[in-house]
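Chemist: Before we start, here is the structure in question, set down as structure tokens.
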Amino acid sequence: MRTTVRLDDALLRAAKRYAAEHGTTLTRVLEDALRALLARRDGPAPQPFRLVTFGQGGLRPGVDLDDSVALTELMERDDPA
């Protein structure tokens, strides 16, 4: 089947160079790339991730996970080493 697609110029040049280096056609390179992408996408769904936690009550008082500097300082202060 024939179709028209628009590709980034640099991507097209790289694909043509790849085809020439591997003794194949641009069409074959594009077909193989699409097949690989679709096979990866259609693979098994990732397993849900469940984070196991211990204790209760959530974060320690004064811990702000959005403040990496303060979090690092808190962890270093509590480091027994």
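Labels for the structure tokens follow display order: chains A, B, ..., residues from 1 in each chain, ligands from 1.
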If we count only C-alpha atoms, what is near region 17-32 of chain A at a cut-off of 12 Å, once residues fewer than 2 positions away on the same chain are taken out, given as an MDAnalysis selection string?
Modeler: chainID A and resid 1:5 7 10:15 34:39
Chemist: Enumerate as a PDB file with C-alpha atoms, in the first residue's frame all residues of chain A assigned to helix (DSSP H, G or I) by DSSP on the backbone, naming them with the chain letters and numbers the document uses.
Modeler:
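Ended up saving to result17.pdb:
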ATOM      1  CA  ASP A   9      14.537  15.847   7.659  1.00  0.00           C
ATOM      2  CA  ALA A  10      17.285  14.580   9.962  1.00  0.00           C
ATOM      3  CA  LEU A  11      15.297  11.435  10.775  1.00  0.00           C
ATOM      4  CA  LEU A  12      14.724  10.712   7.093  1.00  0.00           C
ATOM      5  CA  ARG A  13      18.426  11.178   6.302  1.00  0.00           C
ATOM      6  CA  ALA A  14      19.368   8.833   9.150  1.00  0.00           C
ATOM      7  CA  ALA A  15      16.858   6.212   7.983  1.00  0.00           C
ATOM      8  CA  LYS A  16      18.129   6.408   4.396  1.00  0.00           C
ATOM      9  CA  ARG A  17      21.727   6.111   5.594  1.00  0.00           C
ATOM     10  CA  TYR A  18      20.775   3.087   7.736  1.00  0.00           C
ATOM     11  CA  ALA A  19      19.062   1.446   4.759  1.00  0.00           C
ATOM     12  CA  ALA A  20      22.094   1.995   2.537  1.00  0.00           C
ATOM     13  CA  GLU A  21      24.519   0.704   5.179  1.00  0.00           C
ATOM     14  CA  LEU A  26      13.880   2.722   3.169  1.00  0.00           C
ATOM     15  CA  THR A  27      10.472   1.051   3.046  1.00  0.00           C
ATOM     16  CA  ARG A  28      11.849  -2.029   4.801  1.00  0.00           C
ATOM     17  CA  VAL A  29      13.538   0.096   7.483  1.00  0.00           C
ATOM     18  CA  LEU A  30      10.282   1.946   8.185  1.00  0.00           C
ATOM     19  CA  GLU A  31       8.237  -1.275   8.205  1.00  0.00           C
ATOM     20  CA  ASP A  32      10.663  -2.965  10.615  1.00  0.00           C
ATOM     21  CA  ALA A  33      10.693   0.073  12.911  1.00  0.00           C
ATOM     22  CA  LEU A  34       6.894   0.231  13.005  1.00  0.00           C
ATOM     23  CA  ARG A  35       6.604  -3.498  13.637  1.00  0.00           C
ATOM     24  CA  ALA A  36       9.083  -3.279  16.510  1.00  0.00           C
ATOM     25  CA  LEU A  37       7.231  -0.326  18.038  1.00  0.00           C
ATOM     26  CA  LEU A  38       3.842  -2.023  17.756  1.00  0.00           C
ATOM     27  CA  ALA A  39       5.148  -5.319  19.133  1.00  0.00           C
ATOM     28  CA  ARG A  40       6.606  -3.533  22.146  1.00  0.00           C
ATOM     29  CA  ARG A  41       3.366  -1.645  22.728  1.00  0.00           C
ATOM     30  CA  SER A  68      14.507  18.328  48.375  1.00  0.00           C
ATOM     31  CA  VAL A  69      17.061  20.529  50.126  1.00  0.00           C
ATOM     32  CA  ALA A  70      15.264  20.341  53.459  1.00  0.00           C
ATOM     33  CA  LEU A  71      14.658  16.619  52.991  1.00  0.00           C
ATOM     34  CA  THR A  72      18.359  15.990  52.331  1.00  0.00           C
ATOM     35  CA  GLU A  73      19.323  18.032  55.393  1.00  0.00           C
ATOM     36  CA  LEU A  74      16.856  16.067  57.513  1.00  0.00           C
ATOM     37  CA  MET A  75      18.197  12.730  56.287  1.00  0.00           C
ATOM     38  CA  GLU A  76      21.813  13.779  56.861  1.00  0.00           C
ATOM     39  CA  ARG A  77      21.003  15.055  60.338  1.00  0.00           C
ATOM     40  CA  ASP A  78      19.358  11.738  61.234  1.00  0.00           C
TER      41      ASP A  78
END
